[in-house]
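Asks: File name input-v8.txt; file contents compact mmCIF, C-alpha atoms; full text below.
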# COMPACT_ATOMS: atom_id res chain seq x y z
CA MET A 566 11.98 68.90 -22.53
CA GLU A 567 8.52 68.13 -23.87
CA VAL A 568 6.86 64.76 -24.50
CA ARG A 569 5.79 64.85 -28.16
CA LYS A 570 4.11 61.44 -28.45
CA THR A 571 3.92 57.99 -26.95
CA THR A 572 4.19 54.57 -28.58
CA VAL A 573 2.58 51.39 -27.25
CA ASN A 574 2.85 48.02 -28.99
CA LYS A 575 3.96 44.48 -28.21
CA LEU A 576 7.64 45.37 -28.25
CA GLU A 577 7.73 49.02 -27.23
CA THR A 578 6.16 51.28 -24.60
CA SER A 579 7.87 54.62 -24.86
CA ALA A 580 7.63 58.40 -24.76
CA GLU A 581 9.29 60.61 -27.38
CA ILE A 582 10.97 63.52 -25.61
CA ASP A 583 12.04 66.67 -27.45
CA LEU A 584 15.42 67.75 -26.08
CA PHE A 585 16.39 70.36 -28.67
CA GLU A 586 13.26 72.56 -28.69
CA GLY A 587 14.16 74.27 -31.94
CA ARG A 588 17.72 75.15 -30.90
CA THR A 589 20.37 75.26 -33.63
CA LEU A 590 22.99 72.80 -32.43
CA SER A 591 25.90 70.97 -34.03
CA ARG A 592 25.50 67.27 -34.67
CA ALA A 593 28.15 66.55 -32.01
CA ALA A 594 26.25 68.61 -29.44
CA LYS A 595 22.97 66.85 -30.29
CA GLU A 596 24.55 63.40 -29.94
CA ARG A 597 26.11 64.28 -26.60
CA ILE A 598 22.81 65.66 -25.29
CA GLN A 599 20.94 62.53 -26.40
CA ASP A 600 23.51 60.26 -24.76
CA GLU A 601 23.90 62.13 -21.47
CA VAL A 602 20.25 63.06 -20.94
CA GLY A 603 19.07 59.60 -22.06
CA ASN A 604 21.38 57.85 -19.60
CA TYR A 605 20.52 60.31 -16.84
CA LEU A 606 16.77 59.80 -17.24
CA VAL A 607 17.07 56.00 -17.34
CA GLU A 608 19.25 56.03 -14.21
CA GLN A 609 16.89 58.36 -12.33
CA THR A 610 13.89 56.28 -13.40
CA LEU A 611 15.46 53.07 -12.07
CA THR A 612 16.35 54.63 -8.70
CA ALA A 613 12.89 56.21 -8.37
CA MET A 614 11.21 52.84 -9.06
CA ASN A 615 13.36 51.20 -6.39
CA GLU A 616 12.36 53.91 -3.93
CA LYS A 617 8.69 53.41 -4.85
CA LYS A 618 8.33 56.94 -6.17
CA SER A 619 7.31 58.26 -9.55
CA PRO A 620 9.96 60.36 -11.33
CA ILE A 621 7.11 62.21 -13.07
CA ALA A 622 5.62 65.45 -11.69
CA GLY A 623 2.19 64.59 -10.27
CA GLY A 624 2.74 60.94 -11.24
CA GLU A 625 0.82 58.32 -9.26
CA TYR A 626 2.74 55.47 -7.64
CA LYS A 627 0.83 52.92 -5.58
CA THR A 628 3.28 51.84 -2.89
CA THR A 629 1.49 48.71 -1.68
CA LEU A 630 0.80 45.38 -3.37
CA SER A 631 -2.39 43.33 -3.24
CA PRO A 632 -2.13 40.63 -0.50
CA LEU A 633 -2.24 37.84 -3.10
CA TYR A 634 0.48 39.27 -5.33
CA LYS A 635 2.60 40.23 -2.32
CA LYS A 636 2.55 36.62 -1.12
CA LYS A 637 3.56 35.39 -4.58
CA LYS A 638 6.35 37.96 -4.85
CA ILE A 639 7.78 37.16 -1.42
CA ALA A 640 7.80 33.44 -2.28
CA GLU A 641 9.64 34.14 -5.54
CA THR A 642 12.05 36.95 -4.63
CA GLY A 643 11.95 37.39 -0.85
CA SER A 644 10.70 40.95 -1.30
CA GLY A 645 7.17 42.25 -0.79
CA GLU A 646 8.08 45.75 -1.98
CA ALA A 647 6.21 47.46 -4.82
CA ASN A 648 9.46 48.19 -6.63
CA LEU A 649 8.37 46.85 -10.04
CA GLU A 650 10.98 44.10 -9.84
CA PHE A 651 9.72 40.53 -10.04
CA SER A 652 12.00 38.89 -12.57
CA GLY A 653 13.82 42.19 -13.21
CA ASP A 654 13.34 41.78 -16.96
CA MET A 655 11.22 44.93 -17.41
CA LYS A 656 13.85 47.08 -15.71
CA ASP A 657 16.56 45.40 -17.80
CA GLU A 658 14.66 46.49 -20.93
CA LEU A 659 14.35 50.14 -19.85
CA GLY A 660 16.45 52.29 -22.17
CA PHE A 661 16.42 55.01 -24.81
CA ILE A 662 16.86 55.42 -28.56
CA PRO A 663 18.01 58.68 -30.20
CA THR A 664 15.43 60.35 -32.47
CA LYS A 665 15.52 63.40 -34.77
CA ASN A 666 14.53 65.82 -31.98
CA GLY A 667 15.68 64.00 -28.87
CA ILE A 668 15.08 60.51 -27.55
CA ASP A 669 12.49 57.75 -27.24
CA LEU A 670 12.62 56.61 -23.63
CA GLY A 671 10.85 53.47 -22.54
CA VAL A 672 10.78 49.69 -22.32
CA PHE A 673 11.93 47.98 -25.50
CA GLY A 674 11.34 44.22 -25.67
CA ASP A 675 8.98 41.49 -24.46
CA ARG A 676 8.11 43.37 -21.25
CA ALA A 677 6.77 46.44 -23.08
CA PRO A 678 3.11 45.44 -22.45
CA ALA A 679 3.86 45.18 -18.70
CA ALA A 680 5.28 48.72 -18.82
CA ASP A 681 2.05 49.96 -20.37
CA GLY A 682 0.15 48.12 -17.66
CA HIS A 683 1.89 50.24 -15.03
CA ASN A 684 1.91 53.55 -16.95
CA ASN A 685 -1.33 53.23 -18.92
CA LEU A 686 -0.04 55.20 -21.91
CA SER A 687 -2.58 53.29 -24.04
CA GLY A 688 -5.50 54.21 -21.77
CA LYS A 689 -6.47 50.53 -21.66
CA SER A 690 -4.80 49.36 -18.44
CA HIS A 691 -6.79 48.55 -15.31
CA LEU A 692 -3.77 47.99 -13.06
CA PRO A 693 -2.98 50.38 -10.19
CA GLU A 694 -0.81 53.16 -11.62
CA ARG A 695 2.93 53.16 -10.92
CA ARG A 696 4.06 55.79 -13.36
CA PHE A 697 7.67 55.77 -14.48
CA LEU A 698 7.24 57.03 -18.05
CA PRO A 699 5.81 60.47 -18.91
CA ASP A 700 2.66 60.85 -21.02
CA VAL A 701 2.07 63.73 -23.45
CA GLY A 702 1.64 66.91 -21.39
CA GLN A 703 3.54 65.52 -18.40
CA ASP A 704 6.97 66.52 -17.17
CA TYR A 705 9.64 65.10 -14.90
CA LYS A 706 9.85 66.23 -11.28
CA GLY A 707 11.63 69.54 -10.59
CA PRO A 708 15.08 68.25 -9.51
CA ILE A 709 15.29 65.87 -12.50
CA LYS A 710 14.12 68.54 -14.95
CA ARG A 711 16.57 71.10 -13.53
CA GLU A 712 19.48 68.67 -13.92
CA VAL A 713 18.49 67.92 -17.52
CA ASP A 714 18.52 71.68 -18.20
CA ARG A 715 21.99 71.86 -16.64
CA ILE A 716 23.29 68.95 -18.72
CA ILE A 717 22.05 70.62 -21.92
CA ALA A 718 23.48 74.03 -20.92
CA ASP A 719 26.86 72.49 -20.05
CA ILE A 720 27.08 70.68 -23.38
CA ILE A 721 26.17 73.88 -25.23
CA ALA A 722 28.90 75.69 -23.23
CA GLU A 723 31.44 73.02 -24.16
CA GLU A 724 30.44 72.67 -27.81
CA THR A 725 29.89 76.37 -28.60
CA LYS A 726 32.86 78.54 -29.51
CA ILE A 727 32.52 81.28 -26.95
CA LYS A 728 34.59 84.28 -27.95
CA PRO A 729 35.85 87.12 -25.73
CA SER A 730 34.27 89.56 -28.21
CA MET A 731 30.84 88.39 -27.08
CA PHE A 732 31.47 90.23 -23.80
CA GLN A 733 33.12 93.39 -25.20
CA ASN A 734 30.29 95.78 -24.29
CA VAL A 735 29.67 94.32 -20.86
CA GLU A 736 30.22 96.74 -17.99
CA THR A 737 27.52 95.86 -15.50
CA LYS A 738 26.24 92.76 -13.74
CA ALA A 739 22.92 93.05 -15.58
CA ALA A 740 24.67 93.24 -18.96
CA LEU A 741 26.84 90.23 -18.14
CA TYR A 742 23.86 88.06 -17.19
CA GLU A 743 22.00 89.24 -20.29
CA VAL A 744 24.86 88.05 -22.54
CA LEU A 745 25.14 84.75 -20.64
CA ALA A 746 21.39 84.18 -21.03
CA GLN A 747 21.64 84.91 -24.76
CA ILE A 748 24.36 82.28 -25.14
CA PHE A 749 23.02 79.56 -22.84
CA GLY A 750 19.30 80.20 -22.81
CA PRO A 751 17.00 81.81 -20.27
CA MET A 752 17.66 80.75 -16.68
CA SER A 753 18.04 82.33 -13.27
CA ARG A 754 21.19 84.26 -12.37
CA SER A 755 22.19 81.67 -9.77
CA GLU A 756 21.91 78.91 -12.41
CA LEU A 757 23.99 80.96 -14.88
CA LYS A 758 26.59 81.59 -12.20
CA LEU A 759 26.89 77.87 -11.41
CA LEU A 760 27.07 77.12 -15.13
CA VAL A 761 30.13 79.38 -15.42
CA TYR A 762 31.74 77.65 -12.44
CA ARG A 763 31.14 74.24 -14.03
CA ASN A 764 32.80 75.32 -17.29
CA GLU A 765 36.34 76.54 -16.90
CA SER A 766 36.73 77.88 -20.46
CA VAL A 767 33.90 80.36 -19.81
CA LEU A 768 35.35 81.22 -16.41
CA ASN A 769 38.76 81.84 -18.00
CA ILE A 770 37.27 84.21 -20.61
CA LEU A 771 35.47 86.20 -17.90
CA GLU A 772 38.67 86.35 -15.85
CA ASP A 773 40.65 87.56 -18.91
CA GLN A 774 38.05 90.26 -19.52
CA GLY A 775 38.08 91.30 -15.88
CA LEU A 776 34.42 90.34 -15.57
CA GLU A 777 34.59 87.45 -13.10
CA GLY A 778 33.92 89.88 -10.23
CA LEU A 779 30.54 90.76 -11.77
CA LEU A 780 29.21 87.23 -11.28
CA MET B 144 39.97 53.62 -5.69
CA PHE B 145 38.61 56.02 -8.33
CA LYS B 146 40.87 59.08 -8.31
CA VAL B 147 39.44 62.52 -9.03
CA LYS B 148 41.92 65.28 -9.83
CA ILE B 149 40.68 68.85 -10.01
CA LYS B 150 41.63 70.18 -13.47
CA SER B 151 44.17 72.99 -13.45
CA ASN B 152 43.62 74.69 -16.81
CA LEU B 153 42.29 77.74 -15.06
CA ARG B 154 44.10 81.08 -15.13
CA THR B 155 46.77 81.41 -12.45
CA GLN B 156 44.83 83.85 -10.29
CA ILE B 157 41.80 81.60 -10.11
CA ALA B 158 43.88 78.44 -9.81
CA ASN B 159 45.67 79.93 -6.79
CA LYS B 160 42.36 80.49 -5.07
CA LEU B 161 41.41 76.86 -5.72
CA ARG B 162 44.59 75.31 -4.33
CA ASN B 163 42.71 73.99 -1.32
CA THR B 164 39.49 72.95 -3.00
CA VAL B 165 39.47 69.56 -1.28
CA ASP B 166 38.97 70.08 2.45
CA SER B 167 36.98 68.20 5.08
CA LYS B 168 33.74 70.07 4.22
CA PHE B 169 34.18 69.22 0.52
CA ILE B 170 34.78 65.55 1.36
CA SER B 171 31.68 65.57 3.53
CA ASP B 172 29.65 67.06 0.65
CA VAL B 173 31.07 64.50 -1.80
CA ASN B 174 30.16 61.67 0.57
CA ALA B 175 26.63 62.97 1.02
CA GLU B 176 25.91 63.86 -2.61
CA VAL B 177 28.23 61.87 -4.89
CA VAL B 178 28.76 58.66 -2.92
CA GLY B 179 25.14 58.94 -1.79
CA GLU B 180 24.00 58.92 -5.43
CA ALA B 181 26.27 55.95 -6.22
CA LYS B 182 24.73 54.06 -3.28
CA ARG B 183 21.19 54.92 -4.46
CA MET B 184 22.06 53.36 -7.81
CA ILE B 185 23.62 50.28 -6.20
CA ALA B 186 20.54 49.84 -4.01
CA SER B 187 18.37 49.84 -7.13
CA GLY B 188 20.46 47.10 -8.74
CA SER B 189 22.19 49.48 -11.17
CA SER B 190 25.91 49.94 -11.56
CA PRO B 191 27.12 53.48 -10.72
CA VAL B 192 29.89 52.90 -13.26
CA LYS B 193 29.83 53.44 -17.01
CA THR B 194 31.54 50.15 -17.73
CA SER B 195 33.51 49.26 -20.82
CA THR B 196 30.99 46.46 -21.43
CA GLY B 197 28.07 48.88 -21.20
CA GLU B 198 26.04 46.84 -18.70
CA ARG B 199 23.70 49.09 -16.77
CA ARG B 200 22.15 46.61 -14.32
CA PHE B 201 23.97 44.18 -12.06
CA ALA B 202 24.01 40.56 -13.25
CA LYS B 203 21.40 38.34 -11.61
CA TYR B 204 22.53 35.70 -9.12
CA LYS B 205 23.57 32.55 -10.94
CA ASN B 206 21.76 30.18 -8.60
CA GLU B 207 19.35 31.91 -6.25
CA LYS B 208 18.90 28.76 -4.17
CA ASN B 209 22.58 28.86 -3.22
CA TYR B 210 22.84 32.64 -2.91
CA PRO B 211 21.35 34.60 -1.24
CA GLY B 212 19.69 31.35 -0.17
CA GLN B 213 16.21 30.48 0.99
CA LYS B 214 16.91 30.87 4.71
CA ASP B 215 18.18 34.43 4.19
CA ARG B 216 15.32 35.46 1.92
CA ARG B 217 13.64 37.77 4.41
CA LEU B 218 16.96 39.47 5.20
CA LYS B 219 18.25 39.46 1.64
CA PRO B 220 15.75 39.32 -1.23
CA SER B 221 17.17 37.93 -4.45
CA ARG B 222 16.15 41.06 -6.39
CA PRO B 223 17.30 43.69 -6.89
CA VAL B 224 20.92 42.51 -6.85
CA ASN B 225 22.35 45.31 -4.73
CA LEU B 226 25.66 44.24 -3.12
CA PHE B 227 24.00 44.46 0.28
CA LEU B 228 23.99 41.49 2.63
CA SER B 229 25.25 42.71 6.01
CA GLY B 230 26.05 46.23 4.73
CA GLU B 231 29.66 45.96 5.96
CA MET B 232 31.32 46.31 2.54
CA LEU B 233 29.38 49.42 1.50
CA SER B 234 29.99 51.04 4.90
CA PHE B 235 33.63 51.39 3.77
CA TYR B 236 32.62 52.85 0.36
CA LYS B 237 33.52 56.51 0.74
CA ALA B 238 35.42 59.53 -0.53
CA MET B 239 38.81 60.35 0.92
CA LYS B 240 41.07 63.41 0.61
CA VAL B 241 44.41 62.79 -1.09
CA ASN B 242 45.58 66.42 -1.20
CA GLY B 243 44.19 69.92 -1.85
CA VAL B 244 43.19 69.14 -5.43
CA ARG B 245 42.76 65.39 -5.33
CA LEU B 246 40.38 62.92 -3.76
CA SER B 247 39.54 59.27 -4.22
CA ILE B 248 36.27 57.36 -4.08
CA GLY B 249 36.10 53.66 -3.29
CA ILE B 250 36.70 51.19 -0.47
CA LEU B 251 38.79 52.98 2.16
CA PRO B 252 42.42 51.77 2.35
CA PHE B 253 42.11 50.93 6.05
CA ALA B 254 39.10 48.63 5.53
CA PRO B 255 39.59 45.05 6.84
CA LYS B 256 41.33 42.75 4.36
CA LYS B 257 38.26 40.52 4.04
CA VAL B 258 36.19 43.58 3.02
CA LYS B 259 38.79 44.64 0.44
CA ASP B 260 38.98 41.09 -0.96
CA ARG B 261 35.19 40.90 -1.20
CA ALA B 262 35.08 44.31 -2.88
CA VAL B 263 37.62 43.30 -5.56
CA ALA B 264 35.80 40.00 -6.16
CA ASN B 265 32.48 41.83 -6.68
CA ASN B 266 33.97 44.68 -8.67
CA GLU B 267 36.03 42.63 -11.09
CA GLY B 268 34.42 39.18 -10.82
CA THR B 269 36.12 35.82 -10.26
CA THR B 270 36.46 32.61 -12.24
CA ASN B 271 36.57 29.01 -11.13
CA LYS B 272 40.23 27.99 -11.44
CA THR B 273 39.38 24.45 -12.46
CA THR B 274 36.60 24.98 -14.96
CA GLY B 275 37.37 28.54 -16.04
CA GLU B 276 33.68 29.42 -15.60
CA VAL B 277 32.50 32.62 -13.97
CA ALA B 278 32.25 32.08 -10.21
CA ILE B 279 31.23 35.59 -9.13
CA ALA B 280 29.92 37.90 -11.87
CA ALA B 281 31.58 41.33 -12.04
CA ARG B 282 29.25 43.91 -10.51
CA ARG B 283 31.17 47.13 -10.95
CA PHE B 284 30.79 49.81 -8.28
CA VAL B 285 34.27 51.38 -8.48
CA PRO B 286 35.49 52.36 -11.97
CA LEU B 287 38.55 50.58 -13.33
CA ALA B 288 41.22 52.41 -15.33
CA GLY B 289 39.62 54.01 -18.41
CA GLU B 290 36.11 53.85 -16.92
CA SER B 291 34.06 56.56 -15.26
CA PHE B 292 31.04 56.93 -13.02
CA THR B 293 27.60 57.18 -14.63
CA THR B 294 26.03 60.47 -15.69
CA SER B 295 23.96 60.76 -12.48
CA VAL B 296 27.02 60.37 -10.25
CA MET B 297 29.23 62.66 -12.36
CA ARG B 298 26.54 65.36 -12.35
CA LYS B 299 26.51 65.31 -8.55
CA LEU B 300 30.30 65.68 -8.58
CA LYS B 301 30.13 68.61 -11.04
CA ASN B 302 27.49 70.36 -8.94
CA VAL B 303 29.34 69.92 -5.63
CA TYR B 304 32.50 71.19 -7.34
CA ALA B 305 30.73 74.24 -8.79
CA GLN B 306 29.34 75.13 -5.35
CA ARG B 307 32.85 74.83 -3.90
CA ILE B 308 34.36 77.12 -6.57
CA LYS B 309 31.55 79.60 -5.99
CA ALA B 310 32.36 79.64 -2.25
CA LEU B 311 36.12 79.96 -2.81
CA LEU B 312 35.90 82.73 -5.43
CA SER B 313 33.39 84.69 -3.39
CA LYS B 314 35.89 85.06 -0.52
How does the structure come out when it is put into structure tokens?
Replies:
Amino acid sequence: MEVRKTTVNKLETSAEIDLFEGRTLSRAAKERIQDEVGNYLVEQTLTAMNEKKSPIAGGEYKTTLSPLYKKKKIAETGSGEANLEFSGDMKDELGFIPTKNGIDLGVFGDRAPAADGHNNLSGKSHLPERRFLPDVGQDYKGPIKREVDRIIADIIAEETKIKPSMFQNVETKAALYEVLAQIFGPMSRSELKLLVYRNESVLNILEDQGLEGLL
Amino acid sequence: MFKVKIKSNLRTQIANKLRNTVDSKFISDVNAEVVGEAKRMIASGSSPVKTSTGERRFAKYKNEKNYPGQKDRRLKPSRPVNLFLSGEMLSFYKAMKVNGVRLSIGILPFAPKKVKDRAVANNEGTTNKTTGEVAIAARRFVPLAGESFTTSVMRKLKNVYAQRIKALLSK
């Protein structure tokens, strides 16, 4: 999950995120990954903003408002929290668009310039940073990134035809985890084990082959 | 209530081991992780439900001067719209065991009638009987038939379930 580029203009402030990373995937798998990861990232971004935290690893988030703006915000909404919600329009415009290699995630609409004001993807903002979109070279925080990896692995497990023959030479725990890593990508043994438990077709194959005990 | 049935396409031997997947510990984990995630989303003004209409954020209040009202402003800001006034309704929003492979998530059946009525009004919306106009906008927090929870909530459910299977099969 790598940010390839950012776009900032009057109607869009967004980050292009590569979700496929050169993997050979069916069109159906790609569409499911775009939909599920896109929705997941938007949802996690909205909850992080409400909790006055950045969803981005190392991302700044100033949790207090200037006295003047705080007074104005309380008069308008009753809230003096730095939750990036004055009219709510910017959060309403947060979304994603599928691209060739993944998704564009950002604010699409009239409030795009405000989103750049908070994230400074253009490098021209002088506002205190409250980062909710990743810049090139940045990544999401560990728990969010791990869940995105799980979503992608689960979709690959569901969309890939996993055959019993793939496990025919497996006799040891090490060999089993090596085959699983070849199919689903490199990840820790505990992650591979949980992946099997989340996907019953894989679990059934291992049970049929008498390999479930090696997990 | 949103009903969750544990799928039973697993081989007999495994399925037998999972006959009592839903126990009090599992319900406690679902409440902490799954319902907890749904409540995080509600608090942020987002629906935890993938609705048929596709609306991600709760509708704004129609007339903020009438509701939540100026005098309540410090107790109840007008934004985000988060279904939280006294907190009574969401205190009954929980998971409940139905049987060993089934649980439900929603307003508990033994909640006071006024809480259940309020929950249905918020979840499905109401219309003015005279004018036919929307009185209370639907702000979905329990999926209706054919709907599901959002990706974030369903991922929590999948992860809690995987941990439970891991524990049961390791016995």
Asks: I need the residue nearest chain B from this list: A:Tyr605, A:Phe732, A:Phe673, A:Tyr705. Use only C-alpha atoms for the distance.
Replies: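 When distances to chain B are compared using only C-alpha atoms, the smallest one comes from A:Tyr605.
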Asks: Nearest to chain A: which of B:Thr194, B:Thr155, B:Ser221, B:Thr274 is it, counting all atoms listed in the file?
Replies: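 Counting all atoms listed in the file, the residue closest to chain A is B:Ser221.
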Asks: With the cut-off set at 6 Å and counting all atoms listed in the file, tabulate each residue of chain A with an atom at most that distance from an atom of chain B, showing the nearest atom pair and its distance in Å to one decimal, ordered by chain and increasing number, as a Markdown table.
Replies:
| residue | atom | partner | partner_atom | distance |
| --- | --- | --- | --- | --- |
| A:Tyr605 | CA | B:Ser295 | CA | 5.6 |
| A:Thr612 | CA | B:Ser187 | CA | 5.4 |
| A:Asn615 | CA | B:Ser187 | CA | 5.2 |
| A:Thr642 | CA | B:Ser221 | CA | 5.2 |
| A:Gly643 | CA | B:Pro220 | CA | 4.3 |
| A:Ser644 | CA | B:Pro220 | CA | 5.3 |
| A:Leu759 | CA | B:Ala305 | CA | 5.9 |
| A:Tyr762 | CA | B:Ala305 | CA | 5.1 |
| A:Arg763 | CA | B:Ala305 | CA | 5.3 |
Asks: In Å, with one decimal, what is the gap from atom CA of Leu760 of chain A to atom CA of Lys738 of chain A?
Replies: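 Separation of atom CA of Leu760 of chain A and atom CA of Lys738 of chain A: 15.7 Å.
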Asks: Determine, counting only C-alpha atoms, which protein, DNA and RNA residues have an atom within 9 Å of an atom of Leu692 of chain A; residues of the same chain fewer than 6 positions away are not included. Present the result as a list in words.
Replies: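 Once the adjacent positions are removed, what remains is Gly682, His683, Asn684 and Asn685 of chain A.
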Asks: Just to confirm, what's the straight-line distance from atom CA of Val165 of chain B to atom CA of Arg245 of chain B in Å (one decimal)?
Replies: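 Distance reported for this atom pair: 6.7 Å.
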Asks: Report, in Å with one decimal, the straight-line distance from atom CA of His691 of chain A to atom CA of Lys575 of chain A.
Replies: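 According to the coordinates, atom CA of His691 of chain A and atom CA of Lys575 of chain A are separated by 17.3 Å.
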Asks: With all atoms listed in the file as the counted atoms, please give the residues lying no more than 12 Å from Ser730 of chain A, apart from itself and same-chain residues fewer than 6 positions off, as a PyMOL selection string.
Replies: chain A and resi 744+770-771+773-774
Asks: I want to know what sits within 10 Å of segment 258-261 of chain B, based on all atoms listed in the file, with residues of the same chain fewer than 5 positions away left out; could you give that as a list in words?
Replies: Glu231, Met232, Leu233, Ser234, Phe235, Ile250, Leu251, Pro252, Phe253, Asn266 and Gly268 of chain B
Asks: Given the point (37.0, 91.4, -18.3) in the file's coordinates, find the residues that have an atom at most 12 Å from it, counting all atoms listed in the file, and give them as a PDB file with C-alpha atoms, in the coordinates of the input.
Replies:
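Once written, selection.pdb looks like this:
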ATOM      1  CA  PRO A 729      35.850  87.120 -25.730  1.00  0.00           C
ATOM      2  CA  SER A 730      34.270  89.560 -28.210  1.00  0.00           C
ATOM      3  CA  MET A 731      30.840  88.390 -27.080  1.00  0.00           C
ATOM      4  CA  PHE A 732      31.470  90.230 -23.800  1.00  0.00           C
ATOM      5  CA  GLN A 733      33.120  93.390 -25.200  1.00  0.00           C
ATOM      6  CA  ASN A 734      30.290  95.780 -24.290  1.00  0.00           C
ATOM      7  CA  VAL A 735      29.670  94.320 -20.860  1.00  0.00           C
ATOM      8  CA  GLU A 736      30.220  96.740 -17.990  1.00  0.00           C
ATOM      9  CA  THR A 737      27.520  95.860 -15.500  1.00  0.00           C
ATOM     10  CA  LYS A 738      26.240  92.760 -13.740  1.00  0.00           C
ATOM     11  CA  LEU A 741      26.840  90.230 -18.140  1.00  0.00           C
ATOM     12  CA  VAL A 767      33.900  80.360 -19.810  1.00  0.00           C
ATOM     13  CA  LEU A 768      35.350  81.220 -16.410  1.00  0.00           C
ATOM     14  CA  ASN A 769      38.760  81.840 -18.000  1.00  0.00           C
ATOM     15  CA  ILE A 770      37.270  84.210 -20.610  1.00  0.00           C
ATOM     16  CA  LEU A 771      35.470  86.200 -17.900  1.00  0.00           C
ATOM     17  CA  GLU A 772      38.670  86.350 -15.850  1.00  0.00           C
ATOM     18  CA  ASP A 773      40.650  87.560 -18.910  1.00  0.00           C
ATOM     19  CA  GLN A 774      38.050  90.260 -19.520  1.00  0.00           C
ATOM     20  CA  GLY A 775      38.080  91.300 -15.880  1.00  0.00           C
ATOM     21  CA  LEU A 776      34.420  90.340 -15.570  1.00  0.00           C
ATOM     22  CA  GLU A 777      34.590  87.450 -13.100  1.00  0.00           C
ATOM     23  CA  GLY A 778      33.920  89.880 -10.230  1.00  0.00           C
ATOM     24  CA  LEU A 779      30.540  90.760 -11.770  1.00  0.00           C
ATOM     25  CA  LEU A 780      29.210  87.230 -11.280  1.00  0.00           C
TER      26      LEU A 780
END
Asks: Quick one: residues within 12 Å of Ser167 of chain B, all atoms listed in the file, excluding same-chain residues fewer than 6 positions away - as a list in words?
Replies: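 Selected residues are Val173, Asn174, Ala238, Met239, Lys240, Val241, Asn242, Gly243, Leu246 and Arg307 of chain B.
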